[in-house]
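Source file: entry-v8.pdb; contents: PDB, C-alpha atoms.
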```
ATOM      1  CA  MET P  15     150.187 131.065  55.270
ATOM      2  CA  PHE P  16     151.474 127.659  54.355
ATOM      3  CA  SER P  17     151.221 126.925  50.659
ATOM      4  CA  CYS P  18     152.510 124.257  48.342
ATOM      5  CA  VAL P  19     153.014 125.028  44.682
ATOM      6  CA  VAL P  20     153.257 121.969  42.452
ATOM      7  CA  SER P  21     154.844 122.591  39.054
ATOM      8  CA  MET P  22     153.202 120.622  36.273
ATOM      9  CA  LEU P  23     155.497 119.954  33.326
ATOM     10  CA  SER P  24     153.605 118.512  30.384
ATOM     11  CA  HIS P  25     156.580 116.577  29.048
ATOM     12  CA  VAL P  26     157.287 114.854  32.389
ATOM     13  CA  ARG P  27     155.221 111.796  33.151
ATOM     14  CA  ARG P  28     154.616 111.249  36.866
ATOM     15  CA  ALA P  29     153.874 108.015  38.658
ATOM     16  CA  PRO P  30     150.219 107.772  39.814
ATOM     17  CA  GLN P  31     151.292 107.880  43.459
ATOM     18  CA  ALA P  32     153.343 111.044  42.915
ATOM     19  CA  ARG P  33     150.455 112.745  41.082
ATOM     20  CA  GLN P  34     148.059 111.813  43.875
ATOM     21  CA  LEU P  35     150.446 113.159  46.528
ATOM     22  CA  ALA P  36     150.914 116.404  44.608
ATOM     23  CA  LEU P  37     147.171 116.917  44.288
ATOM     24  CA  SER P  38     146.684 116.184  47.977
ATOM     25  CA  MET P  39     149.377 118.659  49.025
ATOM     26  CA  SER P  40     148.218 121.424  46.680
ATOM     27  CA  SER P  41     144.622 121.179  47.886
ATOM     28  CA  GLN P  42     145.384 121.496  51.588
ATOM     29  CA  ALA P  43     143.952 124.736  52.897
ATOM     30  CA  GLY P  44     145.764 126.772  55.503
ATOM     31  CA  PRO P  45     144.064 128.482  58.431
ATOM     32  CA  SER P  46     141.718 131.346  57.685
ATOM     33  CA  ALA P  47     142.733 134.843  58.707
ATOM     34  CA  LEU P  48     142.209 135.801  62.318
ATOM     35  CA  SER P  49     139.344 138.220  62.805
ATOM     36  CA  LEU P  50     140.879 139.591  66.035
ATOM     37  CA  LYS P  51     137.324 139.938  67.305
ATOM     38  CA  PRO P  52     135.999 137.912  70.254
ATOM     39  CA  ASN P  53     134.049 134.875  69.102
ATOM     40  CA  THR P  54     131.024 133.483  70.911
ATOM     41  CA  ALA P  55     133.061 130.977  72.907
ATOM     42  CA  SER P  56     135.425 133.647  74.228
ATOM     43  CA  VAL P  57     132.579 135.979  75.157
ATOM     44  CA  GLU P  58     130.980 133.157  77.144
ATOM     45  CA  ARG P  59     134.334 132.217  78.692
ATOM     46  CA  LEU P  60     135.007 135.751  79.911
ATOM     47  CA  ALA P  61     131.498 136.110  81.344
ATOM     48  CA  ASP P  62     131.600 132.771  83.180
ATOM     49  CA  PRO P  63     132.473 133.106  86.897
ATOM     50  CA  ARG P  64     133.410 129.384  86.904
ATOM     51  CA  ALA P  65     136.097 129.882  84.245
ATOM     52  CA  VAL P  66     139.674 129.217  85.356
ATOM     53  CA  PHE P  67     142.770 130.705  83.734
ATOM     54  CA  VAL P  68     146.205 129.262  84.552
ATOM     55  CA  VAL P  69     149.271 131.418  83.867
ATOM     56  CA  THR P  70     152.936 130.483  84.346
ATOM     57  CA  GLY P  71     155.676 133.043  84.945
ATOM     58  CA  ALA P  72     152.977 135.006  86.726
ATOM     59  CA  SER P  73     155.068 137.069  89.134
ATOM     60  CA  GLN P  74     156.490 139.512  86.596
ATOM     61  CA  GLY P  75     156.566 140.758  83.032
ATOM     62  CA  ILE P  76     154.171 139.365  80.460
ATOM     63  CA  GLY P  77     152.891 136.642  82.788
ATOM     64  CA  LEU P  78     151.900 139.172  85.444
ATOM     65  CA  GLN P  79     150.196 141.314  82.827
ATOM     66  CA  PHE P  80     148.227 138.303  81.566
ATOM     67  CA  CYS P  81     146.974 137.772  85.127
ATOM     68  CA  THR P  82     146.038 141.442  85.447
ATOM     69  CA  ALA P  83     144.283 141.631  82.089
ATOM     70  CA  LEU P  84     142.328 138.402  82.617
ATOM     71  CA  LEU P  85     141.098 139.603  85.991
ATOM     72  CA  GLU P  86     140.059 142.920  84.473
ATOM     73  CA  ARG P  87     138.224 141.531  81.447
ATOM     74  CA  SER P  88     136.669 138.343  82.882
ATOM     75  CA  GLN P  89     134.559 137.133  85.780
ATOM     76  CA  GLY P  90     136.634 133.996  86.316
ATOM     77  CA  ARG P  91     139.553 133.023  88.531
ATOM     78  CA  VAL P  92     143.282 133.149  87.810
ATOM     79  CA  VAL P  93     145.736 130.528  89.032
ATOM     80  CA  ALA P  94     149.125 132.252  89.064
ATOM     81  CA  LEU P  95     152.143 129.938  88.875
ATOM     82  CA  SER P  96     155.603 131.144  89.892
ATOM     83  CA  ARG P  97     158.546 129.888  91.906
ATOM     84  CA  GLN P  98     157.574 131.780  95.069
ATOM     85  CA  PRO P  99     154.155 133.398  94.653
ATOM     86  CA  GLU P 100     153.990 134.248  98.358
ATOM     87  CA  ARG P 101     156.888 136.679  97.831
ATOM     88  CA  ALA P 102     155.422 138.348  94.753
ATOM     89  CA  GLU P 103     154.169 141.751  95.857
ATOM     90  CA  ALA P 104     152.379 142.343  92.563
ATOM     91  CA  LEU P 105     150.396 139.114  92.911
ATOM     92  CA  ARG P 106     149.532 139.989  96.482
ATOM     93  CA  ALA P 107     148.222 143.348  95.292
ATOM     94  CA  LEU P 108     146.085 141.638  92.643
ATOM     95  CA  SER P 109     144.713 139.253  95.257
ATOM     96  CA  GLU P 110     143.683 142.177  97.439
ATOM     97  CA  ARG P 111     142.131 143.977  94.488
ATOM     98  CA  TYR P 112     140.212 140.883  93.337
ATOM     99  CA  PRO P 113     139.339 138.937  96.510
ATOM    100  CA  GLY P 114     138.820 135.217  95.985
ATOM    101  CA  ARG P 115     139.812 135.329  92.327
ATOM    102  CA  VAL P 116     143.601 134.930  92.515
ATOM    103  CA  HIS P 117     145.283 131.707  93.610
ATOM    104  CA  GLY P 118     149.068 131.526  93.782
ATOM    105  CA  VAL P 119     150.711 128.136  93.251
ATOM    106  CA  GLY P 120     154.445 127.590  93.661
ATOM    107  CA  VAL P 121     156.292 125.541  91.050
ATOM    108  CA  ASP P 122     159.768 124.855  89.736
ATOM    109  CA  LEU P 123     159.042 124.331  86.058
ATOM    110  CA  CYS P 124     162.413 122.675  85.488
ATOM    111  CA  THR P 125     161.545 119.642  87.623
ATOM    112  CA  GLN P 126     158.782 117.196  86.746
ATOM    113  CA  PRO P 127     157.869 116.310  90.368
ATOM    114  CA  SER P 128     157.268 119.996  91.120
ATOM    115  CA  ILE P 129     155.083 120.315  88.032
ATOM    116  CA  GLY P 130     153.125 117.267  89.164
ATOM    117  CA  SER P 131     152.638 118.759  92.623
ATOM    118  CA  ALA P 132     151.449 122.032  91.107
ATOM    119  CA  ALA P 133     148.918 120.144  88.980
ATOM    120  CA  VAL P 134     147.610 118.410  92.109
ATOM    121  CA  ALA P 135     147.290 121.793  93.827
ATOM    122  CA  ILE P 136     145.384 123.186  90.852
ATOM    123  CA  GLY P 137     143.122 120.130  90.866
ATOM    124  CA  ALA P 138     142.305 120.848  94.497
ATOM    125  CA  LEU P 139     141.163 124.341  93.492
ATOM    126  CA  THR P 140     139.106 123.483  90.420
ATOM    127  CA  ASP P 141     137.759 120.680  88.244
ATOM    128  CA  ARG P 142     138.473 122.567  85.009
ATOM    129  CA  VAL P 143     140.991 124.768  83.225
ATOM    130  CA  ASP P 144     139.545 126.969  80.498
ATOM    131  CA  LEU P 145     142.788 128.597  79.403
ATOM    132  CA  LEU P 146     146.406 127.655  80.078
ATOM    133  CA  ILE P 147     149.044 130.238  79.183
ATOM    134  CA  ASN P 148     152.558 128.809  79.213
ATOM    135  CA  CYS P 149     154.374 132.099  79.622
ATOM    136  CA  ALA P 150     157.506 131.333  81.656
ATOM    137  CA  GLY P 151     160.727 131.368  79.674
ATOM    138  CA  ILE P 152     164.419 132.191  79.708
ATOM    139  CA  LEU P 153     166.671 133.966  77.202
ATOM    140  CA  HIS P 154     169.740 134.895  79.214
ATOM    141  CA  GLY P 155     171.347 134.628  82.620
ATOM    142  CA  SER P 156     172.851 137.269  84.881
ATOM    143  CA  THR P 157     176.433 137.028  83.595
ATOM    144  CA  PRO P 158     178.033 137.763  80.192
ATOM    145  CA  GLU P 159     178.694 134.052  79.727
ATOM    146  CA  LEU P 160     174.967 133.356  79.840
ATOM    147  CA  MET P 161     173.882 135.553  76.959
ATOM    148  CA  PRO P 162     172.407 134.273  73.676
ATOM    149  CA  GLU P 163     175.119 132.537  71.666
ATOM    150  CA  ARG P 164     176.356 134.448  68.613
ATOM    151  CA  SER P 165     178.497 131.562  67.415
ATOM    152  CA  ILE P 166     178.318 127.782  67.420
ATOM    153  CA  THR P 167     181.607 127.765  69.330
ATOM    154  CA  ALA P 168     179.930 129.644  72.198
ATOM    155  CA  CYS P 169     177.334 126.928  72.824
ATOM    156  CA  ASP P 170     177.425 125.411  76.309
ATOM    157  CA  ALA P 171     175.646 122.108  76.917
ATOM    158  CA  GLU P 172     174.534 122.822  80.477
ATOM    159  CA  TRP P 173     173.128 126.260  79.624
ATOM    160  CA  MET P 174     171.371 125.046  76.476
ATOM    161  CA  GLN P 175     169.761 122.203  78.408
ATOM    162  CA  ARG P 176     168.499 124.678  81.003
ATOM    163  CA  VAL P 177     167.004 126.906  78.302
ATOM    164  CA  TYR P 178     165.427 123.904  76.576
ATOM    165  CA  ALA P 179     164.033 122.559  79.854
ATOM    166  CA  LEU P 180     162.171 125.765  80.696
ATOM    167  CA  ASN P 181     161.210 126.978  77.227
ATOM    168  CA  ALA P 182     160.237 123.691  75.572
ATOM    169  CA  VAL P 183     159.936 120.813  78.027
ATOM    170  CA  ALA P 184     158.098 122.595  80.852
ATOM    171  CA  PRO P 185     155.079 123.626  78.714
ATOM    172  CA  VAL P 186     154.746 120.028  77.514
ATOM    173  CA  LEU P 187     154.913 118.565  81.026
ATOM    174  CA  LEU P 188     152.501 121.095  82.529
ATOM    175  CA  THR P 189     149.995 120.750  79.699
ATOM    176  CA  GLY P 190     150.152 116.980  80.074
ATOM    177  CA  ALA P 191     149.704 117.196  83.837
ATOM    178  CA  LEU P 192     146.610 119.383  83.329
ATOM    179  CA  ALA P 193     145.214 117.455  80.349
ATOM    180  CA  GLN P 194     142.250 116.043  82.278
ATOM    181  CA  LEU P 195     141.319 119.477  83.621
ATOM    182  CA  LEU P 196     141.640 120.962  80.133
ATOM    183  CA  ALA P 197     139.441 118.303  78.515
ATOM    184  CA  ALA P 198     136.035 119.655  77.517
ATOM    185  CA  LYS P 199     132.796 117.776  76.931
ATOM    186  CA  PRO P 200     131.435 117.782  73.362
ATOM    187  CA  SER P 201     128.762 120.250  74.443
ATOM    188  CA  ASP P 202     131.265 122.627  76.074
ATOM    189  CA  ARG P 203     133.121 125.493  74.452
ATOM    190  CA  PRO P 204     136.739 124.687  73.497
ATOM    191  CA  ARG P 205     139.531 125.029  76.036
ATOM    192  CA  ILE P 206     142.784 126.709  74.974
ATOM    193  CA  VAL P 207     146.518 126.240  75.497
ATOM    194  CA  ALA P 208     148.567 129.305  74.513
ATOM    195  CA  ASN P 209     152.337 128.866  74.385
ATOM    196  CA  LEU P 210     154.546 131.963  74.411
ATOM    197  CA  SER P 211     156.949 131.344  71.556
ATOM    198  CA  ALA P 212     159.010 133.764  69.445
ATOM    199  CA  ARG P 213     159.573 134.657  65.819
ATOM    200  CA  VAL P 214     163.222 133.627  66.201
ATOM    201  CA  GLY P 215     161.973 130.071  66.727
ATOM    202  CA  SER P 216     160.710 129.941  63.143
ATOM    203  CA  VAL P 217     162.938 127.832  60.889
ATOM    204  CA  GLY P 218     161.456 129.414  57.768
ATOM    205  CA  ASP P 219     161.956 132.956  59.076
ATOM    206  CA  ASN P 220     165.545 132.471  60.305
ATOM    207  CA  ARG P 221     167.819 134.712  58.233
ATOM    208  CA  LEU P 222     170.324 135.894  60.835
ATOM    209  CA  GLY P 223     171.359 132.758  62.726
ATOM    210  CA  GLY P 224     172.797 132.966  66.236
ATOM    211  CA  TRP P 225     170.915 132.713  69.523
ATOM    212  CA  TRP P 226     171.359 128.969  69.326
ATOM    213  CA  GLY P 227     169.766 127.739  72.532
ATOM    214  CA  TYR P 228     166.826 130.144  72.489
ATOM    215  CA  ARG P 229     166.007 129.621  68.804
ATOM    216  CA  MET P 230     166.182 125.848  69.135
ATOM    217  CA  SER P 231     164.044 125.801  72.279
ATOM    218  CA  LYS P 232     161.326 127.920  70.681
ATOM    219  CA  ALA P 233     161.414 125.823  67.500
ATOM    220  CA  ALA P 234     160.858 122.787  69.718
ATOM    221  CA  LEU P 235     157.980 124.584  71.452
ATOM    222  CA  ASN P 236     156.400 125.270  68.072
ATOM    223  CA  MET P 237     156.547 121.558  67.275
ATOM    224  CA  ALA P 238     155.074 120.798  70.698
ATOM    225  CA  THR P 239     152.234 123.217  69.961
ATOM    226  CA  ARG P 240     151.397 121.369  66.748
ATOM    227  CA  ASN P 241     151.519 118.040  68.598
ATOM    228  CA  MET P 242     149.218 119.422  71.305
ATOM    229  CA  ALA P 243     146.758 120.602  68.670
ATOM    230  CA  ILE P 244     146.652 117.150  67.079
ATOM    231  CA  GLU P 245     146.495 115.051  70.241
ATOM    232  CA  LEU P 246     144.170 117.261  72.288
ATOM    233  CA  LYS P 247     141.735 117.989  69.468
ATOM    234  CA  ARG P 248     139.540 115.076  70.530
ATOM    235  CA  LYS P 249     139.296 116.700  73.965
ATOM    236  CA  ARG P 250     138.145 119.968  72.339
ATOM    237  CA  VAL P 251     141.364 121.771  73.207
ATOM    238  CA  LEU P 252     142.910 124.326  70.858
ATOM    239  CA  ALA P 253     146.668 124.954  71.038
ATOM    240  CA  VAL P 254     148.410 128.010  69.646
ATOM    241  CA  ALA P 255     151.911 129.507  69.761
ATOM    242  CA  LEU P 256     152.225 133.276  70.115
ATOM    243  CA  HIS P 257     155.028 135.740  69.351
ATOM    244  CA  PRO P 258     154.591 138.735  71.693
ATOM    245  CA  GLY P 259     156.954 141.071  69.869
ATOM    246  CA  THR P 260     159.871 142.739  71.633
ATOM    247  CA  THR P 261     158.368 143.667  74.979
ATOM    248  CA  ALA P 262     159.905 145.846  77.685
ATOM    249  CA  THR P 263     160.514 143.198  80.343
ATOM    250  CA  ALA P 264     163.522 141.799  82.178
ATOM    251  CA  LEU P 265     163.844 139.096  79.515
ATOM    252  CA  SER P 266     164.545 141.600  76.727
ATOM    253  CA  ALA P 267     166.297 144.260  78.860
ATOM    254  CA  PRO P 268     169.861 143.607  77.595
ATOM    255  CA  PHE P 269     168.716 143.950  73.974
ATOM    256  CA  GLN P 270     166.356 146.934  74.067
ATOM    257  CA  LYS P 271     168.963 149.575  73.203
ATOM    258  CA  GLY P 272     168.924 148.762  69.505
ATOM    259  CA  VAL P 273     165.139 148.508  69.213
ATOM    260  CA  ARG P 274     163.241 151.411  67.674
ATOM    261  CA  PRO P 275     160.817 152.944  70.219
ATOM    262  CA  GLU P 276     157.768 152.043  68.147
ATOM    263  CA  LYS P 277     158.913 148.405  68.049
ATOM    264  CA  LEU P 278     159.416 148.085  71.803
ATOM    265  CA  PHE P 279     156.048 147.202  73.312
ATOM    266  CA  THR P 280     154.761 147.627  76.828
ATOM    267  CA  PRO P 281     153.519 144.440  78.504
ATOM    268  CA  GLU P 282     150.039 145.961  78.478
ATOM    269  CA  PHE P 283     150.062 146.416  74.699
ATOM    270  CA  SER P 284     151.599 143.024  73.949
ATOM    271  CA  VAL P 285     149.188 141.129  76.194
ATOM    272  CA  GLU P 286     146.176 143.006  74.851
ATOM    273  CA  CYS P 287     147.180 141.998  71.319
ATOM    274  CA  MET P 288     147.737 138.355  72.261
ATOM    275  CA  LEU P 289     144.444 138.133  74.131
ATOM    276  CA  LYS P 290     142.664 139.376  71.012
ATOM    277  CA  ILE P 291     144.224 136.461  69.135
ATOM    278  CA  ILE P 292     143.263 133.975  71.851
ATOM    279  CA  GLU P 293     139.713 135.307  71.927
ATOM    280  CA  SER P 294     139.271 134.955  68.162
ATOM    281  CA  LEU P 295     140.668 131.417  67.775
ATOM    282  CA  GLU P 296     138.697 128.884  65.773
ATOM    283  CA  ASP P 297     139.463 125.215  65.129
ATOM    284  CA  GLU P 298     141.480 125.904  61.969
ATOM    285  CA  HIS P 299     143.874 128.218  63.834
ATOM    286  CA  SER P 300     144.928 125.510  66.271
ATOM    287  CA  GLY P 301     148.498 124.256  65.901
ATOM    288  CA  HIS P 302     149.928 127.412  64.333
ATOM    289  CA  LEU P 303     152.254 130.280  65.312
ATOM    290  CA  TYR P 304     150.923 133.833  65.273
ATOM    291  CA  ALA P 305     152.601 137.180  65.852
ATOM    292  CA  TRP P 306     151.127 139.786  68.176
ATOM    293  CA  ASP P 307     149.326 141.449  65.231
ATOM    294  CA  GLY P 308     147.715 138.241  64.004
ATOM    295  CA  GLU P 309     150.302 137.496  61.297
ATOM    296  CA  LEU P 310     150.723 133.791  60.610
ATOM    297  CA  ILE P 311     154.422 132.949  61.034
ATOM    298  CA  PRO P 312     155.773 129.866  59.247
ATOM    299  CA  PHE P 313     157.199 127.185  61.496
TER     300      PHE P 313
END
```
Translate the structure described by the file into structure tokens.
Amino acid sequence: MFSCVVSMLSHVRRAPQARQLALSMSSQAGPSALSLKPNTASVERLADPRAVFVVTGASQGIGLQFCTALLERSQGRVVALSRQPERAEALRALSERYPGRVHGVGVDLCTQPSIGSAAVAIGALTDRVDLLINCAGILHGSTPELMPERSITACDAEWMQRVYALNAVAPVLLTGALAQLLAAKPSDRPRIVANLSARVGSVGDNRLGGWWGYRMSKAALNMATRNMAIELKRKRVLAVALHPGTTATALSAPFQKGVRPEKLFTPEFSVECMLKIIESLEDEHSGHLYAWDGELIPF
């Protein structure tokens, strides 16, 4: 939890402005602890057949599991965004299992026109978005040259820009494109934007260095999450960043060998934990970064 300790030295005389600033900073309260129990708004959201959940990176890994879990635990519809949803066998299987509740929308999240077209397609399906999960992301490529950088001398501009575009810029552009659909009336329950971040994106928690592009992109996403929370508050939208833990997906595959078995999560476990966080969010939790177990991670 964020805290600010102000040392008061009796023999040092402070300017009135400095004293006032110190008092203001020391009195700021951080977010209360997460209960990890569904609040009234989330219970209503899950029971509402009109509710719409939008998930990016929906064809595999954590994104696919979010789609599956939301269909299982809610009565609403899921809009599944991926590059080629028509080729995703797993999404097709979900559509057959839950007729009329799964809508695939194709998008290239690295290009703004494609994001705009996807938003138009979503608007043709619904007049509201109750929950947006920005799940798509990239950590590495398919060759040794496109692995997380261990040294500053290994940084490549083109690769870092690609990582930044998908991990940090895309969630901002998509959230902006869907802002009107996310906006809730004062009498409505809050809408939610959940951004899949990572502990390695925390500046305060960085003790190992390395992984330049990925760390920087997730740090930028954390800042974007705080900005979303501030700007969209008047629209009754909560924004939160989530660290899923090391999860057994293609994204973490090259790095799983050194992870202790109890620290390597299944997508089912990770998503269940993150949904508990989403379902327990209150206003004071908006704009913060939480780990899968509800721990507040410093930005």
Give me, as a Markdown table, the closest atom pair and its distance (Å, one decimal) for every residue of region 114-137 of chain P within a cut-off of 8 Å of region 81-104 of chain P, counting only C-alpha atoms, rows sorted by chain and rising number.
```
| residue | atom | partner | partner_atom | distance |
| --- | --- | --- | --- | --- |
| P:Gly114 | CA | P:Arg91 | CA | 7.8 |
| P:Arg115 | CA | P:Arg91 | CA | 4.4 |
| P:Val116 | CA | P:Val92 | CA | 5.0 |
| P:His117 | CA | P:Val93 | CA | 4.7 |
| P:Gly118 | CA | P:Ala94 | CA | 4.8 |
| P:Val119 | CA | P:Leu95 | CA | 4.9 |
| P:Gly120 | CA | P:Arg97 | CA | 5.0 |
| P:Val121 | CA | P:Arg97 | CA | 5.0 |
| P:Asp122 | CA | P:Arg97 | CA | 5.6 |
| P:Ile136 | CA | P:Val93 | CA | 7.6 |
```
Handout entry: Answer key for the PyMOL selection byres ((chain P and resi 290) around 10), residues as a PyMOL selection string
Key = chain P and resi 48-53+56+285-289+291-295+306-308
Exercise for the section: Would you kindly return, as a PyMOL selection string, each protein, DNA or RNA residue with an atom no farther than 6 Å from any atom of region 183-193 of chain P, considering all atoms listed in the file and excluding same-chain residues fewer than 6 positions away? Expected result: chain P and resi 123+133+148
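With the shown file loaded, the PyMOL selection byres ((chain P and resi 204) around 6) picks out P:Arg203, P:Arg205, P:Arg250, P:Val251.
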Practice task
Name the residues captured by the PyMOL selection byres ((chain P and resi 143) around 6) when it is applied to the shown file; answer as an MDAnalysis selection string.
Solution key: chainID P and resid 66 142 144:145 195:196
Exercise for the section: Quick one: pull the distance between CA of Ile244 (chain P) and CA of Gly44 (chain P), Å, one decimal. Expected result: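 Computing it gives 15.1 Å between the two atoms.
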Exercise for the section: Excluding region 276-283 of chain P and residues on its chain fewer than 4 positions from it, collect all residues at most 9 Å away from it, counting only C-alpha atoms, and give them as JSON, numbers by chain. Expected result: {"P": [75, 76, 77, 78, 79, 80, 83, 258, 259, 260, 261, 262, 263, 270, 287, 288]}
Handout entry: Spatial neighbours of His302 (chain P), max dist 10 Å, all atoms listed in the file, sep filter under 2 positions, as a count of residues only
Key = 20
Problem - Between CA of Ile206 (chain P) and CA of Ile147 (chain P), distance in Å (one decimal) - result: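 Pair CA of Ile206 (chain P) / CA of Ile147 (chain P) returns 8.3 Å.
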Practice task
For CA of Glu309 (chain P) and CA of Asn241 (chain P), determine how far apart the two atoms are, in Å to one decimal place.
Solution key: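 CA of Glu309 (chain P) sits 20.8 Å away from CA of Asn241 (chain P).
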Might I get the box with edges along x, y and z of the file that holds all atoms of region 81-85 of chain P listed there, padded by 4 Å on every side, given as centre and edge lengths in Å to one decimal, as JSON?
```
{"center_x": 144.0, "center_y": 139.7, "center_z": 84.0, "size_x": 13.9, "size_y": 11.9, "size_z": 11.9}
```
Excluding Arg229 (chain P) and its own-chain neighbours fewer than 5 positions away, which residues fall within 9 Å of it when counting all atoms listed in the file? Please give them as a PDB file with C-alpha atoms, in the coordinates of the input.
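Everything below was put into part.pdb:
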```
ATOM      1  CA  ALA P 212     159.010 133.764  69.445  1.00  0.00           C
ATOM      2  CA  ARG P 213     159.573 134.657  65.819  1.00  0.00           C
ATOM      3  CA  VAL P 214     163.222 133.627  66.201  1.00  0.00           C
ATOM      4  CA  GLY P 215     161.973 130.071  66.727  1.00  0.00           C
ATOM      5  CA  SER P 216     160.710 129.941  63.143  1.00  0.00           C
ATOM      6  CA  VAL P 217     162.938 127.832  60.889  1.00  0.00           C
ATOM      7  CA  ASN P 220     165.545 132.471  60.305  1.00  0.00           C
ATOM      8  CA  GLY P 223     171.359 132.758  62.726  1.00  0.00           C
ATOM      9  CA  GLY P 224     172.797 132.966  66.236  1.00  0.00           C
ATOM     10  CA  ALA P 234     160.858 122.787  69.718  1.00  0.00           C
TER      11      ALA P 234
END
```
